[in-house]
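Dumped target_35.cif below, it's mmCIF, C-alpha atoms:
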```cif
data_input
#
loop_
_atom_site.label_atom_id
_atom_site.label_comp_id
_atom_site.auth_asym_id
_atom_site.auth_seq_id
_atom_site.Cartn_x
_atom_site.Cartn_y
_atom_site.Cartn_z
CA MET A 27 -16.46 22.28 0.77
CA SER A 28 -14.30 19.54 2.26
CA GLU A 29 -13.49 16.68 -0.10
CA CYS A 30 -12.36 13.32 1.26
CA ILE A 31 -10.86 11.15 -1.49
CA VAL A 32 -9.86 7.52 -0.91
CA VAL A 33 -6.99 6.25 -3.07
CA VAL A 34 -6.63 2.46 -3.25
CA GLY A 35 -4.75 -0.04 -5.34
CA ALA A 36 -7.09 -1.71 -7.82
CA GLN A 37 -4.85 -4.73 -8.46
CA TRP A 38 -2.29 -6.68 -6.39
CA GLY A 39 -0.47 -3.62 -5.10
CA ASP A 40 2.59 -1.79 -6.44
CA GLU A 41 0.38 0.26 -8.77
CA GLY A 42 2.10 3.57 -8.04
CA LYS A 43 -0.32 4.94 -5.45
CA GLY A 44 2.42 6.92 -3.72
CA LYS A 45 3.08 9.13 -6.72
CA ILE A 46 -0.63 9.76 -7.25
CA VAL A 47 -1.19 10.69 -3.61
CA ASP A 48 1.90 12.90 -3.80
CA SER A 49 0.40 14.69 -6.79
CA LEU A 50 -3.09 15.06 -5.31
CA THR A 51 -1.64 16.48 -2.09
CA GLU A 52 -0.96 19.76 -3.87
CA LYS A 53 -4.63 20.62 -3.42
CA ALA A 54 -5.24 18.92 -0.06
CA SER A 55 -4.63 19.86 3.56
CA ALA A 56 -4.08 16.38 5.00
CA VAL A 57 -3.08 12.84 4.02
CA VAL A 58 -3.99 9.75 6.04
CA ARG A 59 -2.56 6.25 5.85
CA PHE A 60 -5.28 3.91 7.13
CA GLN A 61 -4.08 0.27 7.04
CA GLY A 62 -1.12 -2.03 6.53
CA GLY A 63 2.36 -1.96 7.97
CA HIS A 64 5.92 -1.22 6.90
CA ASN A 65 5.80 -3.88 4.19
CA ALA A 66 4.11 -1.36 1.89
CA GLY A 67 6.70 0.69 0.00
CA HIS A 68 5.61 3.89 -1.70
CA THR A 69 8.34 5.41 -3.88
CA LEU A 70 8.36 9.13 -4.63
CA TYR A 71 10.87 10.96 -6.82
CA ARG A 72 12.41 14.37 -6.35
CA LYS A 73 15.14 15.67 -8.66
CA GLY A 74 15.45 12.18 -10.11
CA LYS A 75 16.18 10.59 -6.73
CA PRO A 76 13.86 7.99 -5.15
CA ILE A 77 12.41 8.55 -1.69
CA ILE A 78 11.00 5.31 -0.28
CA LEU A 79 8.27 5.55 2.33
CA ARG A 80 7.12 2.58 4.40
CA LEU A 81 4.80 3.93 7.10
CA VAL A 82 4.79 7.68 6.56
CA PRO A 83 1.99 8.94 4.24
CA SER A 84 2.97 9.98 0.73
CA GLY A 85 1.98 13.59 1.32
CA ILE A 86 4.93 14.16 3.65
CA LEU A 87 6.96 16.07 1.04
CA HIS A 88 4.34 18.83 1.09
CA PRO A 89 3.60 21.32 3.89
CA VAL A 90 0.42 19.49 4.95
CA ASN A 91 -0.70 17.46 7.94
CA CYS A 92 0.04 13.74 7.63
CA TYR A 93 -1.53 11.07 9.79
CA ILE A 94 -0.96 7.39 10.51
CA GLY A 95 -4.43 6.09 11.31
CA ASN A 96 -5.45 3.48 13.86
CA GLY A 97 -5.77 0.78 11.19
CA VAL A 98 -2.00 0.69 10.66
CA VAL A 99 0.21 -1.69 12.66
CA VAL A 100 3.30 0.29 13.62
CA SER A 101 6.85 -0.89 14.20
CA LEU A 102 8.33 1.96 16.23
CA THR A 103 11.88 0.94 15.35
CA GLU A 104 11.10 1.03 11.62
CA LEU A 105 9.19 4.29 11.99
CA ALA A 106 12.03 5.95 13.89
CA GLN A 107 14.47 4.91 11.17
CA GLU A 108 12.17 6.21 8.43
CA LEU A 109 11.77 9.55 10.20
CA GLU A 110 15.53 9.88 10.50
CA GLU A 111 15.96 9.16 6.78
CA LEU A 112 13.47 11.92 5.97
CA ARG A 113 15.17 14.37 8.33
CA THR A 114 18.48 13.84 6.56
CA LEU A 115 16.72 14.92 3.36
CA GLY A 116 15.67 18.16 5.02
CA ILE A 117 12.01 17.23 5.41
CA PRO A 118 10.50 18.59 8.67
CA VAL A 119 8.65 15.37 9.22
CA THR A 120 7.98 15.75 12.94
CA ASP A 121 6.25 19.07 12.27
CA ARG A 122 3.86 17.40 9.83
CA LEU A 123 3.19 13.91 11.20
CA LYS A 124 0.78 12.60 13.84
CA ILE A 125 0.22 8.96 14.82
CA SER A 126 -2.99 7.54 16.23
CA GLN A 127 -2.80 6.44 19.85
CA LEU A 128 -4.99 3.50 18.84
CA CYS A 129 -2.40 2.00 16.49
CA HIS A 130 -1.31 -1.50 17.42
CA LEU A 131 2.41 -2.08 17.84
CA LEU A 132 4.36 -4.48 15.67
CA LEU A 133 6.99 -6.01 17.98
CA PRO A 134 10.04 -8.25 17.48
CA TYR A 135 8.17 -11.45 18.35
CA HIS A 136 5.82 -10.74 15.43
CA VAL A 137 8.77 -10.60 13.05
CA GLN A 138 10.28 -13.81 14.43
CA LEU A 139 6.97 -15.63 14.13
CA ASP A 140 6.51 -14.49 10.55
CA LYS A 141 9.94 -15.81 9.57
CA VAL A 142 9.70 -19.22 11.20
CA ARG A 143 6.17 -19.81 9.91
CA GLU A 144 7.16 -19.18 6.31
CA LYS A 145 10.18 -21.43 6.77
CA LYS A 146 8.05 -24.24 8.19
CA LEU A 147 5.51 -23.96 5.37
CA ALA A 148 8.36 -24.34 2.84
CA ALA A 149 6.84 -24.97 -0.60
CA LYS A 150 3.38 -24.04 0.70
CA ALA A 151 4.54 -20.65 2.00
CA ILE A 152 2.19 -17.72 1.41
CA GLY A 153 5.03 -15.42 0.37
CA THR A 154 4.85 -12.80 3.10
CA THR A 155 7.48 -10.09 3.45
CA LYS A 156 8.47 -11.69 6.80
CA ARG A 157 8.14 -8.32 8.53
CA GLY A 158 5.65 -9.42 11.15
CA ILE A 159 2.55 -7.79 9.68
CA GLY A 160 0.33 -10.87 9.85
CA PRO A 161 1.17 -11.86 13.43
CA ALA A 162 0.66 -8.25 14.55
CA TYR A 163 -2.85 -8.21 13.10
CA GLU A 164 -3.50 -11.63 14.66
CA ASP A 165 -2.73 -10.24 18.10
CA LYS A 166 -5.02 -7.29 17.40
CA VAL A 167 -7.95 -9.53 16.48
CA ALA A 168 -7.19 -11.92 19.35
CA ARG A 169 -7.44 -8.90 21.71
CA ARG A 170 -3.97 -9.37 23.10
CA GLY A 171 -2.38 -6.57 21.04
CA ILE A 172 -0.31 -3.75 22.54
CA ARG A 173 -1.35 -0.26 21.47
CA ILE A 174 0.45 3.07 21.48
CA SER A 175 -1.97 4.25 24.17
CA ASP A 176 -0.50 1.58 26.49
CA PHE A 177 2.66 3.69 26.81
CA SER A 178 0.73 6.04 29.12
CA ASP A 179 1.35 3.59 31.95
CA THR A 180 4.87 2.16 31.63
CA LYS A 181 4.39 -0.46 34.37
CA GLN A 182 1.21 -1.75 32.79
CA PHE A 183 2.86 -1.66 29.34
CA ALA A 184 5.71 -3.86 30.59
CA GLU A 185 3.29 -6.34 32.15
CA LYS A 186 1.25 -6.61 28.97
CA VAL A 187 4.34 -7.20 26.83
CA LYS A 188 5.60 -9.89 29.20
CA ILE A 189 2.32 -11.79 29.02
CA VAL A 190 2.13 -11.70 25.23
CA ALA A 191 5.84 -12.39 24.75
CA ASP A 192 5.66 -15.42 27.04
CA TYR A 193 2.82 -16.78 24.93
CA HIS A 194 4.71 -16.29 21.66
CA ASN A 195 8.00 -17.55 23.10
CA PHE A 196 6.25 -20.78 24.02
CA MET A 197 5.21 -21.21 20.38
CA LEU A 198 8.63 -20.19 19.08
CA THR A 199 10.57 -22.63 21.24
CA HIS A 200 8.20 -25.61 21.54
CA TYR A 201 6.45 -25.69 18.19
CA TYR A 202 8.83 -23.96 15.79
CA LYS A 203 12.00 -25.08 17.60
CA SER A 204 13.36 -21.55 17.30
CA ASN A 205 15.05 -19.13 19.67
CA PRO A 206 12.88 -17.02 21.99
CA VAL A 207 12.85 -13.23 21.90
CA ASP A 208 14.37 -11.17 24.71
CA VAL A 209 11.36 -9.71 26.54
CA HIS A 210 13.31 -7.21 28.62
CA GLU A 211 15.13 -5.86 25.58
CA ILE A 212 11.80 -5.37 23.80
CA ILE A 213 10.33 -3.45 26.71
CA GLU A 214 13.38 -1.24 27.16
CA THR A 215 13.74 -0.44 23.45
CA GLN A 216 10.05 0.29 22.93
CA LEU A 217 9.87 2.63 25.92
CA GLN A 218 12.93 4.54 24.73
CA ILE A 219 11.57 5.08 21.23
CA ALA A 220 8.09 5.88 22.51
CA GLU A 221 9.55 8.63 24.69
CA GLN A 222 11.22 10.18 21.63
CA LEU A 223 8.08 9.94 19.49
CA GLN A 224 5.58 10.90 22.20
CA PRO A 225 4.92 14.40 20.76
CA LEU A 226 3.63 12.73 17.58
CA PHE A 227 0.96 10.62 19.30
CA ALA A 228 -2.53 12.08 18.84
CA ASP A 229 -6.27 11.54 18.57
CA VAL A 230 -6.27 11.31 14.78
CA SER A 231 -10.04 11.00 14.50
CA SER A 232 -10.54 14.38 16.18
CA CYS A 233 -7.83 15.95 14.01
CA LEU A 234 -9.57 14.79 10.83
CA ILE A 235 -12.95 16.08 11.96
CA GLN A 236 -11.29 19.43 12.56
CA HIS A 237 -10.00 19.48 8.96
CA ILE A 238 -13.47 18.63 7.68
CA GLY A 239 -15.04 21.32 9.86
CA ASP A 240 -12.57 23.82 8.38
CA GLN A 241 -13.69 22.78 4.85
CA GLU A 242 -10.28 21.29 4.05
CA SER A 243 -9.70 18.36 1.71
CA ILE A 244 -8.17 15.08 2.85
CA ILE A 245 -6.54 12.22 0.90
CA PHE A 246 -6.89 8.74 2.41
CA GLU A 247 -4.03 6.54 1.25
CA GLY A 248 -4.37 2.77 1.07
CA ALA A 249 -1.54 0.26 1.06
CA GLN A 250 -1.17 -2.93 -1.03
CA GLY A 251 -3.98 -3.66 -3.51
CA SER A 252 -7.62 -4.72 -3.51
CA MET A 253 -6.87 -8.25 -4.68
CA LEU A 254 -4.74 -8.69 -1.56
CA ASP A 255 -7.65 -7.84 0.75
CA ILE A 256 -8.03 -10.36 3.59
CA ASP A 257 -11.73 -10.84 2.73
CA HIS A 258 -12.04 -10.03 -0.96
CA GLY A 259 -8.63 -10.96 -2.33
CA THR A 260 -7.13 -14.22 -3.61
CA TYR A 261 -7.26 -15.88 -0.18
CA PRO A 262 -5.09 -17.25 1.40
CA PHE A 263 -2.49 -15.49 -0.76
CA VAL A 264 -3.42 -12.09 0.62
CA THR A 265 -2.20 -9.52 3.12
CA SER A 266 -3.44 -9.40 6.71
CA SER A 267 -5.63 -6.31 6.56
CA ASN A 268 -8.62 -5.06 4.60
CA THR A 269 -7.18 -3.08 1.71
CA VAL A 270 -10.45 -1.96 0.13
CA ALA A 271 -11.82 1.58 0.29
CA GLY A 272 -14.32 0.96 3.08
CA THR A 273 -11.40 0.47 5.46
CA ALA A 274 -10.59 4.18 5.17
CA ALA A 275 -13.41 4.91 7.62
CA VAL A 276 -12.54 2.17 10.11
CA GLY A 277 -8.78 2.71 9.86
CA SER A 278 -8.87 6.47 10.36
CA GLY A 279 -11.77 6.94 12.74
CA ILE A 280 -14.31 8.99 10.79
CA GLY A 281 -17.72 8.03 9.43
CA LEU A 282 -18.63 7.03 5.89
CA ARG A 283 -20.74 10.14 5.29
CA TYR A 284 -17.62 12.30 5.08
CA PHE A 285 -16.16 10.54 2.02
CA THR A 286 -16.76 12.06 -1.39
CA LYS A 287 -14.85 9.97 -3.96
CA VAL A 288 -12.99 6.68 -4.41
CA LEU A 289 -10.09 6.52 -6.88
CA GLY A 290 -8.57 3.23 -7.95
CA VAL A 291 -4.97 3.08 -9.17
CA ALA A 292 -4.12 0.40 -11.73
CA LYS A 293 -1.07 -0.35 -13.85
CA ALA A 294 -1.47 -0.47 -17.62
CA TYR A 295 -0.49 -4.14 -17.28
CA LEU A 296 -0.51 -6.38 -14.21
CA THR A 297 1.97 -7.49 -11.57
CA ARG A 298 1.92 -9.36 -8.31
CA VAL A 299 4.50 -10.24 -5.67
CA GLY A 300 4.67 -13.56 -3.86
CA GLU A 301 2.60 -16.66 -4.36
CA GLY A 302 -1.00 -17.04 -5.49
CA PRO A 303 -3.11 -17.17 -8.67
CA PHE A 304 -2.30 -14.92 -11.61
CA PRO A 305 -4.27 -16.05 -14.70
CA SER A 306 -2.77 -13.53 -17.14
CA GLU A 307 0.84 -14.02 -16.01
CA LEU A 308 3.43 -14.02 -18.79
CA GLN A 309 6.36 -16.39 -18.35
CA ASP A 310 7.94 -15.52 -21.67
CA ASP A 311 9.96 -12.78 -23.37
CA THR A 312 7.07 -10.31 -23.10
CA GLY A 313 6.85 -10.87 -19.34
CA GLN A 314 10.58 -10.30 -19.05
CA TYR A 315 10.26 -7.16 -21.18
CA LEU A 316 7.60 -5.73 -18.85
CA ALA A 317 9.69 -6.58 -15.79
CA LYS A 318 12.78 -4.92 -17.25
CA GLN A 319 11.07 -1.83 -18.64
CA GLY A 320 8.93 -1.38 -15.53
CA ARG A 321 11.79 -2.09 -13.12
CA GLU A 322 9.49 -4.50 -11.36
CA PHE A 323 11.21 -5.04 -8.06
CA GLY A 324 9.73 -4.20 -4.64
CA SER A 325 10.91 -0.84 -3.30
CA VAL A 326 11.05 -2.16 0.28
CA THR A 327 11.68 -5.89 -0.13
CA GLY A 328 13.57 -5.98 -3.43
CA ARG A 329 11.49 -8.98 -4.50
CA ALA A 330 10.92 -9.50 -8.22
CA ARG A 331 7.34 -8.99 -9.37
CA ARG A 332 5.51 -11.39 -11.66
CA CYS A 333 4.19 -9.65 -14.77
CA GLY A 334 1.24 -10.20 -17.08
CA TRP A 335 -1.47 -8.67 -19.23
CA PHE A 336 -4.18 -6.40 -17.87
CA ASP A 337 -7.04 -8.40 -16.31
CA ILE A 338 -10.40 -6.66 -16.72
CA VAL A 339 -12.26 -9.42 -14.84
CA ALA A 340 -10.22 -8.76 -11.72
CA LEU A 341 -10.60 -5.01 -12.19
CA ARG A 342 -14.39 -5.26 -12.35
CA ARG A 343 -14.32 -7.14 -9.06
CA SER A 344 -12.17 -4.39 -7.60
CA ILE A 345 -14.61 -1.77 -8.85
CA THR A 346 -17.43 -3.61 -7.09
CA VAL A 347 -15.80 -4.16 -3.69
CA ASN A 348 -14.35 -0.64 -3.53
CA GLY A 349 -17.13 1.33 -5.18
CA LEU A 350 -14.54 2.86 -7.49
CA GLN A 351 -15.77 5.96 -9.29
CA SER A 352 -12.72 6.60 -11.45
CA LEU A 353 -9.30 5.20 -12.26
CA CYS A 354 -5.73 6.34 -12.54
CA LEU A 355 -3.73 4.29 -15.05
CA THR A 356 -0.01 4.13 -14.30
CA LYS A 357 3.10 2.98 -16.15
CA LEU A 358 1.59 3.41 -19.60
CA ASP A 359 5.11 4.14 -20.87
CA VAL A 360 6.26 0.62 -19.96
CA LEU A 361 4.17 -0.69 -22.88
CA ASP A 362 6.11 1.44 -25.40
CA GLY A 363 7.59 -0.71 -28.17
CA LEU A 364 5.31 -3.75 -27.86
CA PRO A 365 3.68 -4.62 -31.22
CA GLU A 366 0.56 -6.13 -29.64
CA LEU A 367 -1.20 -5.76 -26.30
CA LYS A 368 -3.71 -8.15 -24.77
CA ILE A 369 -6.48 -7.68 -22.23
CA ALA A 370 -8.03 -10.60 -20.33
CA ILE A 371 -11.82 -10.16 -20.58
CA ASP A 372 -13.00 -13.57 -19.34
CA TYR A 373 -11.82 -17.00 -18.18
CA THR A 374 -12.56 -20.44 -19.61
CA ALA A 375 -14.03 -23.18 -17.42
CA ASP A 376 -10.52 -24.36 -16.55
CA GLY A 377 -9.36 -20.88 -15.59
CA GLU A 378 -7.51 -19.89 -18.75
CA PRO A 379 -7.83 -16.22 -19.70
CA VAL A 380 -9.75 -15.15 -22.81
CA TYR A 381 -8.05 -12.19 -24.48
CA VAL A 382 -8.87 -9.34 -26.82
CA SER A 383 -5.96 -7.72 -28.65
CA GLN A 384 -5.03 -4.09 -29.17
CA ARG A 385 -2.35 -2.66 -31.45
CA GLY A 386 0.76 -1.51 -29.69
CA TRP A 387 2.77 1.62 -30.49
CA GLN A 388 6.39 2.38 -31.27
CA ALA A 389 6.38 6.08 -30.35
CA THR A 390 7.28 6.98 -26.77
CA THR A 391 4.69 7.94 -24.18
CA LYS A 392 7.25 8.60 -21.46
CA GLY A 393 6.85 12.07 -19.99
CA VAL A 394 3.85 12.96 -22.18
CA HIS A 395 1.66 15.47 -20.33
CA THR A 396 -1.41 15.82 -22.55
CA TRP A 397 -3.96 13.36 -23.89
CA ASP A 398 -3.69 14.56 -27.48
CA ALA A 399 0.09 14.08 -27.47
CA LEU A 400 -0.23 10.33 -26.86
CA PRO A 401 0.15 8.01 -29.88
CA PRO A 402 -3.27 7.12 -31.37
CA GLU A 403 -2.77 3.46 -30.43
CA ALA A 404 -2.06 4.41 -26.80
CA ARG A 405 -5.24 6.47 -26.66
CA ALA A 406 -7.16 3.55 -28.19
CA TYR A 407 -5.77 1.19 -25.54
CA VAL A 408 -6.80 3.50 -22.70
CA GLU A 409 -10.26 4.00 -24.22
CA CYS A 410 -10.66 0.23 -24.59
CA LEU A 411 -9.84 -0.31 -20.91
CA GLU A 412 -12.23 2.48 -20.01
CA ARG A 413 -15.10 0.91 -21.96
CA LEU A 414 -14.47 -2.54 -20.53
CA ALA A 415 -14.19 -1.21 -16.97
CA GLY A 416 -17.28 0.95 -17.20
CA ILE A 417 -15.77 3.86 -15.27
CA PRO A 418 -13.63 6.78 -16.47
CA ILE A 419 -9.83 6.82 -16.48
CA ASP A 420 -9.31 10.36 -15.19
CA LEU A 421 -5.54 10.26 -14.64
CA ILE A 422 -2.70 8.64 -16.59
CA SER A 423 0.87 8.38 -15.34
CA THR A 424 3.52 8.35 -18.06
CA GLY A 425 6.72 8.16 -16.03
CA SER A 426 8.26 8.22 -12.58
CA LYS A 427 8.69 11.98 -12.41
CA TYR A 428 6.31 14.01 -10.27
CA ALA A 429 4.98 15.94 -13.29
CA ASP A 430 4.51 12.93 -15.56
CA ILE A 431 0.72 12.82 -15.27
CA ILE A 432 -2.04 13.42 -17.80
CA THR A 433 -5.12 14.86 -16.10
CA ARG A 434 -8.27 14.19 -18.10
CA MET A 435 -10.54 15.18 -15.22
CA PRO A 436 -9.29 16.96 -12.04
CA LEU A 437 -10.17 15.15 -8.80
CA LEU A 438 -9.73 18.17 -6.53
CA LYS A 439 -10.64 21.77 -7.25
#
```
This entry written out as structure tokens:
Amino acid sequence: MSECIVVVGAQWGDEGKGKIVDSLTEKASAVVRFQGGHNAGHTLYRKGKPIILRLVPSGILHPVNCYIGNGVVVSLTELAQELEELRTLGIPVTDRLKISQLCHLLLPYHVQLDKVREKKLAAKAIGTTKRGIGPAYEDKVARRGIRISDFSDTKQFAEKVKIVADYHNFMLTHYYKSNPVDVHEIIETQLQIAEQLQPLFADVSSCLIQHIGDQESIIFEGAQGSMLDIDHGTYPFVTSSNTVAGTAAVGSGIGLRYFTKVLGVAKAYLTRVGEGPFPSELQDDTGQYLAKQGREFGSVTGRARRCGWFDIVALRRSITVNGLQSLCLTKLDVLDGLPELKIAIDYTADGEPVYVSQRGWQATTKGVHTWDALPPEARAYVECLERLAGIPIDLISTGSKYADIITRMPLLK
């Protein structure tokens, strides 16, 4: 029987989804990325060395089919660079990867707009990665976007780019008082890269239905986290796409009836990047400890992450909007050495978190592979989160290594 499992971030992103997808891929035949852009960095480790992915699905290190679904906005220049990086590592990426012809292109004018907007907003800036993701999605929704399928007619492609670039150049020069983008350079560069990548362009929806028809399992990989969802997140401090599990259907091109399970990935504490509310944020020595121990810096952007205690209120919301059936808890080892742990279980009328406390542990959990080998206090902490969440924690990550996972309940047979 084919199993289609959706893996999404249950918090504000950076939960370690890449490693979990990498692990689950062992028993799957395909991995699909279904939303976001190259601002989402998934870090995998092999032989102690990090491999940072931005657009390519996290299953690429395995001999399986990987797909970039139509819900992703694609920068061809960034994708070409990422593919070259993987080739230098000996990964036959072009033999494994297909890209939906319905993907919208992220072009240089999107990047320029993102930068000047954040600059103009100054202290009121949203905190984007300035990589053009938002403006690319805006063009998509405004029905002026350029898609990969437009490369089939180069003359028409050039005309479409000129029209959209003229519109954005007007805004760049007259409103933002910035330099315009070079339209001809954009057209020439995009056509050159598209010619190189043309063998990778495909009807991803049909490919996935073929896998399902062959009774093969598929992992659907989300980017960012549920609390950054454009509809259900902490608006306006959110990303520009829907990050919740339901997007897996829209962003890959298959119907809801094919999906069998939704897994949420959550850190054992909480982090977020950029601006926006964070009730359980710690701006003290404990917050600094979590940041240092967890190496809380963005793998793609290098931005420092804000750190805080686990927020069960936010998690319950994530469970609701995603329909989460189980959880994977990551970075449990980062909590090693803390004498006391807190969990936000409610907020006061003025928004202050209400905490319950759990005893910490001094023994190490790093690299532990079995539930029984965890310190009693660590098991108690996990069980407390499980009770408060109301769904099982089936997987626990105890380190950055590929094998550092405790499996309490297998997700794939």
Could the residues of segment 300-411 of chain A that have an atom at most 12 Å from segment 32-41 of chain A be listed as a Markdown table, each with its closest atom pair and the distance in Å to one decimal, counting all atoms listed in the file and ordered by chain and ascending residue number?
```
| residue | atom | partner | partner_atom | distance |
| --- | --- | --- | --- | --- |
| A:Gly300 | CA | A:Trp38 | CA | 10.1 |
| A:Glu301 | CA | A:Trp38 | CA | 11.3 |
| A:Gly302 | CA | A:Trp38 | CA | 10.5 |
| A:Pro303 | CA | A:Trp38 | CA | 10.8 |
| A:Phe304 | CA | A:Trp38 | CA | 9.8 |
| A:Gly320 | CA | A:Glu41 | CA | 11.0 |
| A:Arg321 | CA | A:Asp40 | CA | 11.4 |
| A:Glu322 | CA | A:Asp40 | CA | 8.9 |
| A:Phe323 | CA | A:Asp40 | CA | 9.4 |
| A:Gly324 | CA | A:Asp40 | CA | 7.7 |
| A:Ser325 | CA | A:Asp40 | CA | 8.9 |
| A:Val326 | CA | A:Asp40 | CA | 10.8 |
| A:Thr327 | CA | A:Asp40 | CA | 11.8 |
| A:Arg329 | CA | A:Asp40 | CA | 11.6 |
| A:Ala330 | CA | A:Asp40 | CA | 11.5 |
| A:Arg331 | CA | A:Asp40 | CA | 9.1 |
| A:Arg332 | CA | A:Trp38 | CA | 10.5 |
| A:Cys333 | CA | A:Trp38 | CA | 11.0 |
| A:Gly334 | CA | A:Trp38 | CA | 11.8 |
| A:Trp335 | CA | A:Gln37 | CA | 12.0 |
| A:Phe336 | CA | A:Gln37 | CA | 9.6 |
| A:Asp337 | CA | A:Gln37 | CA | 8.9 |
| A:Ile338 | CA | A:Gln37 | CA | 10.1 |
| A:Val339 | CA | A:Gln37 | CA | 10.8 |
| A:Ala340 | CA | A:Gln37 | CA | 7.5 |
| A:Leu341 | CA | A:Ala36 | CA | 6.5 |
| A:Arg342 | CA | A:Ala36 | CA | 9.3 |
| A:Arg343 | CA | A:Ala36 | CA | 9.1 |
| A:Ser344 | CA | A:Ala36 | CA | 5.7 |
| A:Ile345 | CA | A:Ala36 | CA | 7.6 |
| A:Thr346 | CA | A:Ala36 | CA | 10.5 |
| A:Val347 | CA | A:Ala36 | CA | 9.9 |
| A:Asn348 | CA | A:Val34 | CA | 8.3 |
| A:Gly349 | CA | A:Val32 | CA | 10.5 |
| A:Leu350 | CA | A:Ala36 | CA | 8.7 |
| A:Gln351 | CA | A:Val32 | CA | 10.4 |
| A:Ser352 | CA | A:Val33 | CA | 10.2 |
| A:Leu353 | CA | A:Ala36 | CA | 8.5 |
| A:Cys354 | CA | A:Glu41 | CA | 9.4 |
| A:Leu355 | CA | A:Glu41 | CA | 8.5 |
| A:Thr356 | CA | A:Glu41 | CA | 6.8 |
| A:Lys357 | CA | A:Glu41 | CA | 8.3 |
| A:Leu358 | CA | A:Glu41 | CA | 11.3 |
```
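Of note, atom CA of Ser232 of chain A and atom CA of Pro89 of chain A are spaced 20.0 Å apart.
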> When you draw a straight line from atom CA of Ser84 of chain A to atom CA of Val47 of chain A, how long is it in Å?
Replying inline: 6.1 Å
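Distances here use all atoms listed in the file; by that measure, the residue among A:Thr199, A:Ser178, A:Ser267, A:Thr114 closest to Lys166 of chain A is A:Ser267.
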>> Could you list, as a ChimeraX atom specification, every residue matched by the PyMOL selection byres ((chain A and resi 383-392) around 10) in this structure?
In response: /A:357-370,381-382,393-395,399-404,406-407,410,423-427,430-431
> Can you tell me, as a PyMOL selection string, what residues are no more than 7 Å from segment 236-246 of chain A when counting only C-alpha atoms, ignoring any on the same chain fewer than 6 positions away?
Replying inline: chain A and resi 27-33+54-60+274
Taking 4 positions as the minimum chain separation for residues in the same chain, which residues sit within 12 Å of Ile213 of chain A when counting all atoms listed in the file? Answer as a PDB file with C-alpha atoms, keeping the file's coordinate frame.
```pdb
ATOM      1  CA  LEU A 102       8.330   1.960  16.230  1.00  0.00           C
ATOM      2  CA  LEU A 131       2.410  -2.080  17.840  1.00  0.00           C
ATOM      3  CA  LEU A 133       6.990  -6.010  17.980  1.00  0.00           C
ATOM      4  CA  PRO A 134      10.040  -8.250  17.480  1.00  0.00           C
ATOM      5  CA  TYR A 135       8.170 -11.450  18.350  1.00  0.00           C
ATOM      6  CA  ILE A 172      -0.310  -3.750  22.540  1.00  0.00           C
ATOM      7  CA  ASP A 176      -0.500   1.580  26.490  1.00  0.00           C
ATOM      8  CA  PHE A 177       2.660   3.690  26.810  1.00  0.00           C
ATOM      9  CA  THR A 180       4.870   2.160  31.630  1.00  0.00           C
ATOM     10  CA  LYS A 181       4.390  -0.460  34.370  1.00  0.00           C
ATOM     11  CA  GLN A 182       1.210  -1.750  32.790  1.00  0.00           C
ATOM     12  CA  PHE A 183       2.860  -1.660  29.340  1.00  0.00           C
ATOM     13  CA  ALA A 184       5.710  -3.860  30.590  1.00  0.00           C
ATOM     14  CA  GLU A 185       3.290  -6.340  32.150  1.00  0.00           C
ATOM     15  CA  LYS A 186       1.250  -6.610  28.970  1.00  0.00           C
ATOM     16  CA  VAL A 187       4.340  -7.200  26.830  1.00  0.00           C
ATOM     17  CA  LYS A 188       5.600  -9.890  29.200  1.00  0.00           C
ATOM     18  CA  ILE A 189       2.320 -11.790  29.020  1.00  0.00           C
ATOM     19  CA  VAL A 190       2.130 -11.700  25.230  1.00  0.00           C
ATOM     20  CA  ALA A 191       5.840 -12.390  24.750  1.00  0.00           C
ATOM     21  CA  VAL A 207      12.850 -13.230  21.900  1.00  0.00           C
ATOM     22  CA  ASP A 208      14.370 -11.170  24.710  1.00  0.00           C
ATOM     23  CA  VAL A 209      11.360  -9.710  26.540  1.00  0.00           C
ATOM     24  CA  LEU A 217       9.870   2.630  25.920  1.00  0.00           C
ATOM     25  CA  GLN A 218      12.930   4.540  24.730  1.00  0.00           C
ATOM     26  CA  ILE A 219      11.570   5.080  21.230  1.00  0.00           C
ATOM     27  CA  ALA A 220       8.090   5.880  22.510  1.00  0.00           C
TER      28      ALA A 220
END
```
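Compared by their closest atoms to Ile94 of chain A, and using all atoms listed in the file, the residues A:Leu226, A:Thr69, A:Glu164, A:Thr155 rank with A:Leu226 nearest.
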> So which residues get picked by the PyMOL selection byres ((chain A and resi 157) around 7) here, written as number ranges by chain?
Replying inline: A: 65, 137, 140, 155-156, 158-159
Output C-alpha atoms for every residue in the selection just made, as a PDB file, keeping the file's coordinate frame.
```
ATOM      1  CA  ASN A  65       5.800  -3.880   4.190  1.00  0.00           C
ATOM      2  CA  VAL A 137       8.770 -10.600  13.050  1.00  0.00           C
ATOM      3  CA  ASP A 140       6.510 -14.490  10.550  1.00  0.00           C
ATOM      4  CA  THR A 155       7.480 -10.090   3.450  1.00  0.00           C
ATOM      5  CA  LYS A 156       8.470 -11.690   6.800  1.00  0.00           C
ATOM      6  CA  GLY A 158       5.650  -9.420  11.150  1.00  0.00           C
ATOM      7  CA  ILE A 159       2.550  -7.790   9.680  1.00  0.00           C
TER       8      ILE A 159
END
```
> Once the PyMOL selection byres ((chain A and resi 437) around 10) has been applied to the shown file, what residues remain in the selection, as a ChimeraX atom specification?
Replying inline: /A:29,31,50,53,287-289,352,420-421,433-436,438-439
> What would the list of residues within 12 Å of (1.3, 13.6, 21.9) (file frame) look like as a list in words, if only C-alpha atoms are what count?
Replying inline: Thr120, Leu123, Lys124, Ile125, Ser126, Gln127, Ile174, Ser175, Phe177, Ser178, Ala220, Glu221, Gln222, Leu223, Gln224, Pro225, Leu226, Phe227, Ala228, Asp229 and Val230 of chain A
